[in-house]
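Structure file work18.txt (compact mmCIF, C-alpha atoms and all ligand atoms) follows.
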# COMPACT_ATOMS: atom_id res chain seq x y z
CA MET A 1 26.36 13.28 -10.67
CA LYS A 2 25.16 11.90 -7.30
CA ILE A 3 21.60 10.84 -6.43
CA GLY A 4 20.21 10.50 -2.88
CA LEU A 5 17.75 7.61 -2.50
CA LEU A 6 15.26 7.21 0.36
CA THR A 7 12.29 5.01 1.21
CA GLY A 8 9.57 6.53 3.40
CA GLY A 9 6.22 5.56 4.95
CA GLY A 10 4.88 2.07 5.54
CA ASP A 11 7.22 -0.57 4.16
CA CYS A 12 6.14 -3.16 1.60
CA PRO A 13 7.57 -5.95 -0.55
CA GLY A 14 9.13 -4.56 -3.73
CA LEU A 15 11.03 -1.65 -2.17
CA ASN A 16 14.33 -3.50 -2.52
CA ALA A 17 13.56 -4.13 -6.20
CA VAL A 18 13.36 -0.35 -6.63
CA ILE A 19 16.61 0.24 -4.72
CA ARG A 20 18.44 -2.43 -6.73
CA ALA A 21 17.19 -1.00 -10.06
CA VAL A 22 18.08 2.60 -9.15
CA VAL A 23 21.61 1.61 -8.15
CA ARG A 24 22.27 -0.62 -11.16
CA ARG A 25 20.85 1.92 -13.65
CA ALA A 26 22.69 4.84 -12.06
CA LEU A 27 26.02 3.01 -11.94
CA SER A 28 25.62 2.08 -15.62
CA PHE A 29 25.78 5.83 -16.35
CA GLY A 30 28.59 6.49 -13.86
CA ILE A 31 26.16 8.13 -11.42
CA GLU A 32 26.79 7.63 -7.69
CA VAL A 33 23.95 6.69 -5.34
CA LEU A 34 23.86 7.71 -1.69
CA GLY A 35 21.45 5.63 0.39
CA ILE A 36 19.52 7.65 2.98
CA ARG A 37 18.34 5.66 5.97
CA ASN A 38 14.86 5.76 7.48
CA GLY A 39 13.15 8.04 5.00
CA PHE A 40 13.61 11.82 5.21
CA LEU A 41 14.84 11.47 8.83
CA GLY A 42 18.14 10.09 7.53
CA LEU A 43 18.67 13.14 5.33
CA ILE A 44 18.04 15.45 8.28
CA GLU A 45 20.26 13.48 10.66
CA GLY A 46 22.97 12.69 8.09
CA ASP A 47 22.35 8.94 8.40
CA VAL A 48 23.57 7.93 4.95
CA GLU A 49 25.64 5.26 3.21
CA PRO A 50 26.99 4.99 -0.37
CA LEU A 51 25.26 2.21 -2.35
CA THR A 52 27.25 0.05 -4.74
CA GLY A 53 26.50 -2.92 -6.94
CA PHE A 54 27.57 -5.08 -4.02
CA SER A 55 25.10 -3.31 -1.69
CA VAL A 56 22.18 -4.52 -3.79
CA THR A 57 23.32 -8.04 -4.58
CA GLY A 58 20.67 -10.58 -3.60
CA ILE A 59 18.06 -8.10 -2.34
CA LEU A 60 15.47 -8.55 -5.12
CA PRO A 61 13.48 -11.27 -3.30
CA LYS A 62 13.85 -9.60 0.10
CA GLY A 63 10.80 -7.88 1.58
CA GLY A 64 11.03 -4.57 3.38
CA THR A 65 13.76 -2.01 2.60
CA ILE A 66 17.51 -2.35 3.23
CA LEU A 67 17.53 1.43 3.88
CA GLY A 68 14.93 1.30 6.63
CA THR A 69 11.98 3.69 6.64
CA SER A 70 10.01 6.10 8.81
CA ARG A 71 6.95 8.31 8.58
CA TYR A 72 8.99 11.35 9.64
CA ASP A 73 7.71 14.62 8.06
CA PRO A 74 10.76 16.73 7.04
CA LEU A 75 8.72 19.89 6.67
CA ARG A 76 6.93 20.07 10.02
CA VAL A 77 9.82 21.73 11.88
CA MET A 78 11.56 24.73 10.22
CA GLU A 79 14.95 23.68 11.64
CA ASP A 80 14.63 20.30 9.91
CA ARG A 81 14.07 21.98 6.55
CA GLN A 82 17.35 23.87 6.89
CA LYS A 83 19.21 20.72 8.01
CA LEU A 84 17.85 18.89 4.98
CA LEU A 85 18.93 21.62 2.58
CA ASN A 86 22.35 21.86 4.25
CA ASN A 87 22.86 18.11 3.95
CA LEU A 88 21.95 18.13 0.26
CA LYS A 89 24.96 20.42 -0.18
CA ARG A 90 27.14 18.62 2.37
CA TYR A 91 26.79 15.31 0.54
CA GLY A 92 26.93 16.88 -2.93
CA LEU A 93 23.54 15.53 -3.95
CA ASP A 94 22.39 16.66 -7.40
CA ALA A 95 18.97 15.02 -7.04
CA LEU A 96 16.76 12.96 -4.73
CA ILE A 97 14.63 9.93 -5.50
CA ALA A 98 11.92 9.50 -2.85
CA VAL A 99 10.06 6.18 -2.75
CA GLY A 100 6.88 6.37 -0.72
CA GLY A 101 3.16 6.81 -0.36
CA ASP A 102 0.94 9.82 0.16
CA GLY A 103 2.97 11.31 3.02
CA THR A 104 6.37 10.89 1.40
CA LEU A 105 5.21 12.09 -2.02
CA SER A 106 3.43 15.11 -0.50
CA ALA A 107 6.69 16.10 1.17
CA ALA A 108 8.48 15.50 -2.14
CA ARG A 109 6.01 17.79 -3.91
CA GLU A 110 6.62 20.59 -1.39
CA LEU A 111 10.39 20.13 -1.55
CA HIS A 112 10.18 20.41 -5.34
CA GLU A 113 8.23 23.67 -4.93
CA MET A 114 11.12 24.82 -2.69
CA GLY A 115 13.51 24.11 -5.57
CA VAL A 116 14.81 20.69 -4.49
CA PRO A 117 15.45 18.47 -7.56
CA ILE A 118 13.37 15.44 -6.60
CA VAL A 119 11.64 12.54 -8.37
CA GLY A 120 8.97 10.32 -6.77
CA VAL A 121 8.33 6.56 -6.93
CA PRO A 122 4.81 5.52 -5.77
CA LYS A 123 4.72 2.84 -3.07
CA THR A 124 1.93 1.45 -0.95
CA ILE A 125 0.16 -1.83 -0.40
CA ASP A 126 -3.11 0.16 -0.37
CA ASN A 127 -2.95 1.06 -4.09
CA ASP A 128 -4.59 4.36 -3.07
CA LEU A 129 -2.36 6.72 -5.08
CA LYS A 130 -3.84 8.57 -8.04
CA GLY A 131 -1.86 8.86 -11.26
CA THR A 132 -0.78 5.21 -11.43
CA ASP A 133 -2.80 2.09 -12.22
CA TYR A 134 -1.02 0.08 -9.56
CA THR A 135 1.70 0.54 -6.95
CA PHE A 136 4.13 -2.25 -6.11
CA GLY A 137 3.35 -3.94 -2.78
CA PHE A 138 -0.34 -4.17 -3.64
CA ASP A 139 -0.15 -7.46 -5.57
CA THR A 140 1.79 -9.12 -2.75
CA ALA A 141 -0.78 -7.94 -0.17
CA VAL A 142 -3.65 -9.22 -2.35
CA ASN A 143 -1.93 -12.60 -2.55
CA VAL A 144 -1.60 -12.71 1.26
CA VAL A 145 -5.36 -12.07 1.55
CA ARG A 146 -6.13 -14.66 -1.13
CA ASP A 147 -4.06 -17.29 0.70
CA ALA A 148 -5.74 -16.47 4.04
CA VAL A 149 -9.23 -16.67 2.52
CA ASP A 150 -8.39 -20.00 0.86
CA ARG A 151 -7.25 -21.38 4.22
CA LEU A 152 -10.22 -20.00 6.13
CA HIS A 153 -12.65 -21.62 3.69
CA THR A 154 -11.73 -25.12 4.90
CA THR A 155 -12.13 -24.38 8.61
CA ALA A 156 -15.30 -22.31 8.06
CA GLU A 157 -16.86 -25.21 6.12
CA SER A 158 -15.83 -27.79 8.76
CA HIS A 159 -17.35 -25.76 11.63
CA HIS A 160 -20.27 -24.16 9.73
CA ARG A 161 -19.02 -20.70 10.76
CA VAL A 162 -18.89 -17.18 9.35
CA MET A 163 -15.22 -16.16 9.28
CA VAL A 164 -14.54 -12.41 9.22
CA VAL A 165 -11.15 -11.40 7.76
CA GLU A 166 -10.02 -7.83 8.50
CA VAL A 167 -7.48 -6.50 6.00
CA MET A 168 -5.52 -3.27 5.61
CA GLY A 169 -6.89 -0.24 3.80
CA ARG A 170 -7.75 2.77 5.96
CA ARG A 171 -9.06 5.07 3.25
CA VAL A 172 -9.82 2.71 0.35
CA GLY A 173 -10.89 -0.89 -0.14
CA TRP A 174 -8.63 -2.08 -2.99
CA ILE A 175 -6.98 -4.84 -0.94
CA ALA A 176 -10.32 -6.07 0.49
CA ALA A 177 -12.08 -5.95 -2.89
CA LEU A 178 -9.45 -7.70 -5.01
CA GLY A 179 -8.19 -9.99 -2.25
CA GLY A 180 -11.79 -11.01 -1.59
CA LEU A 181 -12.50 -11.48 -5.30
CA ALA A 182 -9.39 -13.63 -5.72
CA GLY A 183 -10.28 -15.74 -2.67
CA GLY A 184 -13.95 -16.11 -3.48
CA ALA A 185 -15.26 -14.19 -0.46
CA ASP A 186 -19.01 -14.34 0.13
CA PHE A 187 -19.23 -10.69 1.15
CA ILE A 188 -16.77 -7.77 1.13
CA LEU A 189 -16.97 -4.49 3.08
CA ILE A 190 -15.04 -1.44 1.83
CA PRO A 191 -14.89 2.21 3.02
CA GLU A 192 -16.21 3.43 -0.34
CA LYS A 193 -19.52 1.57 0.14
CA PRO A 194 -20.75 1.85 3.76
CA TYR A 195 -22.42 -1.45 4.62
CA ARG A 196 -25.97 -2.31 5.56
CA LEU A 197 -26.22 -5.15 8.08
CA ASP A 198 -29.65 -6.26 6.79
CA GLU A 199 -28.34 -6.62 3.22
CA MET A 200 -25.25 -8.56 4.28
CA CYS A 201 -27.17 -10.91 6.62
CA LYS A 202 -29.77 -11.60 3.92
CA VAL A 203 -26.99 -12.74 1.58
CA LEU A 204 -25.31 -14.89 4.25
CA GLU A 205 -28.66 -16.43 5.25
CA SER A 206 -29.40 -17.34 1.61
CA ARG A 207 -26.20 -19.41 1.62
CA HIS A 208 -27.36 -21.28 4.70
CA ARG A 209 -30.72 -22.03 3.01
CA ARG A 210 -28.85 -23.39 -0.03
CA GLY A 211 -26.98 -25.85 2.16
CA ARG A 212 -23.84 -23.73 2.48
CA PRO A 213 -23.94 -22.93 6.23
CA PHE A 214 -20.54 -21.15 6.25
CA SER A 215 -19.23 -17.89 4.80
CA ILE A 216 -16.14 -15.72 4.47
CA VAL A 217 -16.57 -11.97 4.93
CA VAL A 218 -13.58 -9.76 4.02
CA VAL A 219 -13.59 -6.35 5.76
CA ALA A 220 -11.32 -3.40 5.04
CA GLU A 221 -10.12 -1.85 8.33
CA GLY A 222 -11.61 1.48 7.23
CA ALA A 223 -15.10 0.07 6.47
CA PHE A 224 -18.09 1.42 8.41
CA PRO A 225 -21.90 1.13 8.45
CA ALA A 226 -24.17 3.37 6.39
CA GLY A 227 -25.40 6.32 8.43
CA GLU A 228 -22.20 6.55 10.46
CA GLU A 229 -19.04 8.61 9.95
CA PRO A 230 -15.75 6.93 8.87
CA PRO A 231 -13.88 5.64 11.95
CA ALA A 232 -11.54 8.19 13.55
CA ARG A 233 -8.94 5.72 14.80
CA ILE A 234 -7.95 2.74 12.64
CA GLY A 235 -5.27 0.09 12.56
CA GLU A 236 -4.88 -0.31 16.30
CA GLY A 237 -6.20 -3.87 16.04
CA GLY A 238 -7.73 -5.42 19.09
CA SER A 239 -11.42 -6.02 19.70
CA SER A 240 -12.27 -2.38 18.92
CA SER A 241 -11.61 -2.95 15.23
CA ILE A 242 -14.35 -3.18 12.62
CA GLY A 243 -13.78 -6.90 12.07
CA PHE A 244 -14.85 -7.74 15.62
CA ARG A 245 -17.83 -5.39 15.39
CA VAL A 246 -19.08 -7.00 12.15
CA ALA A 247 -18.59 -10.52 13.53
CA LYS A 248 -20.66 -9.70 16.63
CA GLU A 249 -23.39 -8.06 14.54
CA ILE A 250 -23.63 -11.17 12.31
CA ALA A 251 -23.59 -13.58 15.30
CA ASP A 252 -26.29 -11.59 17.09
CA ARG A 253 -28.47 -11.26 14.00
CA LEU A 254 -28.14 -14.79 12.55
CA GLY A 255 -27.41 -16.82 15.68
CA VAL A 256 -24.34 -18.38 14.02
CA GLU A 257 -20.79 -18.92 15.23
CA THR A 258 -18.32 -16.33 13.96
CA ARG A 259 -14.56 -15.94 14.27
CA VAL A 260 -12.26 -13.03 13.36
CA THR A 261 -8.82 -13.01 11.71
CA VAL A 262 -6.98 -9.66 11.54
CA LEU A 263 -4.23 -10.06 8.90
CA GLY A 264 -2.48 -6.83 9.92
CA HIS A 265 1.18 -6.45 9.00
CA ILE A 266 1.44 -9.91 7.47
CA GLN A 267 0.11 -8.08 4.37
CA ARG A 268 3.21 -5.84 4.45
CA GLY A 269 5.80 -8.59 4.98
CA GLY A 270 7.54 -11.33 3.10
CA SER A 271 8.98 -11.67 -0.37
CA PRO A 272 7.43 -9.67 -3.23
CA THR A 273 5.48 -11.43 -5.96
CA ALA A 274 6.91 -11.50 -9.47
CA PHE A 275 4.53 -8.70 -10.47
CA ASP A 276 5.76 -6.44 -7.65
CA ARG A 277 9.40 -7.25 -8.37
CA ILE A 278 8.88 -6.33 -12.03
CA ILE A 279 6.93 -3.11 -11.32
CA GLY A 280 9.41 -2.09 -8.62
CA THR A 281 12.32 -2.74 -10.97
CA ARG A 282 10.76 -0.81 -13.86
CA PHE A 283 9.85 2.10 -11.54
CA GLY A 284 13.43 2.29 -10.29
CA LEU A 285 14.95 2.22 -13.80
CA ARG A 286 12.61 4.96 -15.03
CA ALA A 287 13.16 7.13 -11.94
CA VAL A 288 16.87 7.39 -12.78
CA ASP A 289 15.95 8.30 -16.36
CA LEU A 290 13.71 11.12 -15.08
CA VAL A 291 16.64 12.44 -13.03
CA ARG A 292 18.94 12.29 -16.05
CA GLU A 293 16.30 14.08 -18.14
CA GLY A 294 15.90 16.74 -15.43
CA ARG A 295 12.17 15.96 -15.09
CA PHE A 296 11.88 16.89 -11.40
CA GLY A 297 8.61 17.22 -9.51
CA GLN A 298 7.43 14.13 -11.41
CA MET A 299 6.57 10.59 -10.28
CA VAL A 300 6.97 7.40 -12.27
CA ALA A 301 3.61 5.73 -12.92
CA LEU A 302 2.17 2.53 -14.40
CA HIS A 303 -0.34 3.13 -17.18
CA GLY A 304 -1.41 -0.22 -18.62
CA THR A 305 1.97 -1.83 -19.31
CA ARG A 306 3.81 1.46 -19.83
CA ILE A 307 5.92 3.30 -17.25
CA ASP A 308 5.11 7.00 -17.62
CA ALA A 309 5.73 10.12 -15.55
CA VAL A 310 3.04 12.25 -13.89
CA PRO A 311 3.29 15.40 -11.74
CA LEU A 312 3.64 14.71 -8.00
CA SER A 313 0.66 17.02 -7.51
CA GLU A 314 -1.50 14.42 -9.32
CA ALA A 315 -0.43 11.56 -7.02
CA THR A 316 -1.13 13.57 -3.88
CA ALA A 317 -4.56 14.97 -4.86
CA GLY A 318 -6.43 12.71 -2.46
CA PRO A 319 -6.85 8.92 -2.28
CA LYS A 320 -7.64 6.82 -5.37
CA GLN A 321 -10.95 5.30 -4.34
CA MET A 322 -11.85 1.70 -5.20
CA ASP A 323 -13.32 1.52 -8.70
CA LEU A 324 -16.94 0.55 -7.94
CA GLU A 325 -17.29 -1.01 -11.41
CA GLN A 326 -14.55 -3.46 -10.47
CA PHE A 327 -16.20 -3.90 -7.07
CA ALA A 328 -19.41 -4.82 -8.87
CA ASP A 329 -17.47 -7.73 -10.43
CA ALA A 330 -16.80 -9.02 -6.90
CA GLU A 331 -20.43 -8.47 -5.85
CA VAL A 332 -21.58 -10.96 -8.52
CA PHE A 333 -20.18 -13.69 -6.29
CA PHE A 334 -21.68 -12.52 -2.97
CA GLY A 335 -23.82 -15.25 -1.44
O1 LIG B 401 -0.42 2.72 4.32
C1 LIG B 401 -0.10 1.38 4.37
C2 LIG B 401 -0.60 0.77 5.64
O2 LIG B 401 -0.19 -0.55 5.68
C3 LIG B 401 -2.11 0.83 5.81
O3 LIG B 401 -2.78 -0.10 5.01
C4 LIG B 401 -2.21 0.55 7.29
O4 LIG B 401 -3.43 0.97 7.85
C5 LIG B 401 -1.05 1.37 7.83
O5 LIG B 401 -0.08 1.42 6.79
C6 LIG B 401 -0.42 0.78 9.09
O6 LIG B 401 0.53 1.75 9.51
P1 LIG B 401 1.68 1.34 10.55
O7 LIG B 401 2.59 0.36 9.86
O8 LIG B 401 2.37 2.64 10.83
O9 LIG B 401 0.99 0.73 11.73

Written as structure tokens, how would this file's structure read?
Ligand code: F6P
Amino acid sequence: MKIGLLTGGGDCPGLNAVIRAVVRRALSFGIEVLGIRNGFLGLIEGDVEPLTGFSVTGILPKGGTILGTSRYDPLRVMEDRQKLLNNLKRYGLDALIAVGGDGTLSAARELHEMGVPIVGVPKTIDNDLKGTDYTFGFDTAVNVVRDAVDRLHTTAESHHRVMVVEVMGRRVGWIAALGGLAGGADFILIPEKPYRLDEMCKVLESRHRRGRPFSIVVVAEGAFPAGEEPPARIGEGGSSSIGFRVAKEIADRLGVETRVTVLGHIQRGGSPTAFDRIIGTRFGLRAVDLVREGRFGQMVALHGTRIDAVPLSEATAGPKQMDLEQFADAEVFFG
């Protein structure tokens, strides 16, 4: 048997833990693994390389993906579909394991419906995939936010400023909510709960009256004010982003100094945390088992401490919104 393995979409720490686990588990059953470079694009272009035990030595702590990745959609162009199917035969692939987020897993679902034997592994720092409690990459991103908020506390306090930290999360506010909670943010803005400037400024002002004339506000890049539509273009950074808008609104309303930090792709880089290494490893092991069991069209998933399997259709049925009960835990500490 031979399995094709690809990583698609935005990269994140933990991907190499998945690759390492897939290769080691497969080889233990005498199954070959063919690495496919740059997501589905590599399968269309024939950009592939056999993976051996040696290929994955020492990659566990390494961020990113040794296979490279892309956001290339294999189904958009009819000619690409045929090239993909031809290359499955050309390389003698009996199954595919696709590691990715919403885009990659949606393509995997459609390929399964076309009869391609494929298994999914959920991946995204956003934690916005239904069907799994967590995705690897998320814990590492939350720790990056927590470290940034810890650091910004000292300079905010020294200068009596409101520091606005813009974090990733276009559609959902998981990173902002849990990164802010872990760092002790004084206010958090998420797409799921459009913000009211009056409410936020009242909370920040109450801190000033209690002798705490500094604050940290964590803002998800997809956050927006009540009464407006979600932003059309996100993630292009620069002064057009929501973080700069919120900082100006606070400065104008409260007459305080504000500064903005956009964490951007720092949240996607670096070495995975132990949690993400463990989840990535367990996802990879189980994905090979699903292939061996012939359970295609499924995705591995974390349920509590168990690794289960759920239909790909479940993971791609729209974003997993931030749990507002958990967000309420963070709101206890606003102000
Ligand atoms: O989907 C993960 C993610 O990191 C989002 O949080 C972010 O908005 C987006 O990818 C950035 O995409 P790119 O790396 O293509 O700029």

Would you list the contacts of Leu302 in chain A as a ChimeraX atom specification, taking every protein, DNA or RNA residue within 6 Å and counting all atoms listed in the file, but skipping same-chain residues closer than 3 positions in sequence? /A:132-133,306-307

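Omitting Ala182 in chain A and its sequence neighbours fewer than 2 positions away, and counting all atoms listed in the file, the residues within 10 Å are Val142, Asn143, Val145, Arg146, Asp147, Val149, Asp150, Ala176, Ala177, Leu178, Gly179, Gly180, Gly184, Ala185 and Ala330 of chain A.
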
Please check which protein, DNA or RNA residues sit within 7 Å of ligand LIG 401 (chain B), counting all atoms listed in the file, and write them as a list in words. Gly10, Thr124, Ile125, Asp126, Met168, Gly169, Arg170, Ile234, Gly235, His265 and Arg268 of chain A

Just the number, please: distance in Å from CA of Thr305 in chain A to CA of Thr69 in chain A, one decimal. 28.4 Å

Contacts of range 64-66 of chain A at 9 Å (only C-alpha atoms; same-chain gap of 3+ positions) as a list in words: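 The neighbour list is Thr7, Asp11, Cys12, Pro13, Gly14, Leu15, Asn16, Ile19, Arg37, Val56, Ile59, Thr69, Arg268, Gly269, Gly270 and Ser271 of chain A.
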
For Arg245 in chain A, list every protein, DNA or RNA residue within 12 Å, evaluated using only C-alpha atoms, and leave out those in the same chain fewer than 6 positions away; present the list as a ChimeraX atom specification. /A:164-166,197,219,221,223-225,237-239,251-252,258-260

Near range 49-54 of chain A, counting all atoms listed in the file, which residues have an atom at most 7 Å away, once you skip same-chain residues fewer than 2 positions from it, shown as a VMD selection string? chain A and resid 23 to 24 33 to 36 56 to 57

CA of Gly63 in chain A and CA of Ile175 in chain A are how many Å apart? 18.2 Å

Enumerate, as a PyMOL selection string, the protein, DNA and RNA residues whose atoms approach (3.7, 12.6, -19.7) to within 12 Å, taking into account all atoms listed in the file and the coordinate frame of the file. chain A and resi 131-132+290+295+298-303+306-312+314

Counting all atoms listed in the file, figure out which residue out of A:Val172, A:Leu6, A:Leu204, A:Leu41 gets nearest to Arg81 in chain A.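 Nearest to Arg81 in chain A: A:Leu41.
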
Taking into account only C-alpha atoms, which residue in the set A:Leu189, A:Leu85, A:Ile266, A:Asp47 is nearest to Gly68 in chain A? A:Asp47

Between CA of Val162 in chain A and CA of Ile190 in chain A, what is the distance, to one decimal in Å? 17.9 Å

Restricting to all atoms listed in the file, whichever of A:Ala98, A:Ala148, A:Met1, A:Pro117 is closest to Leu263 in chain A is A:Ala148

Using only C-alpha atoms: which of A:Val256, A:Ala141, A:Ala17, A:Val116 has the shortest distance to Pro61 in chain A: A:Ala17

With only C-alpha atoms as the basis for distance, which of A:Arg151, A:His160, A:Arg71, A:Arg233 is at the shortest distance from Glu257 in chain A?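 Between A:Arg151, A:His160, A:Arg71, A:Arg233, the residue approaching Glu257 in chain A most closely is A:His160.
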
Check the smallest atom-to-atom distance from each of A:Gly4, A:Lys248, A:His159, A:Leu67 to Arg90 in chain A using all atoms listed in the file, then report the winner.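 Using all atoms listed in the file, the shortest distance to Arg90 in chain A belongs to A:Gly4.
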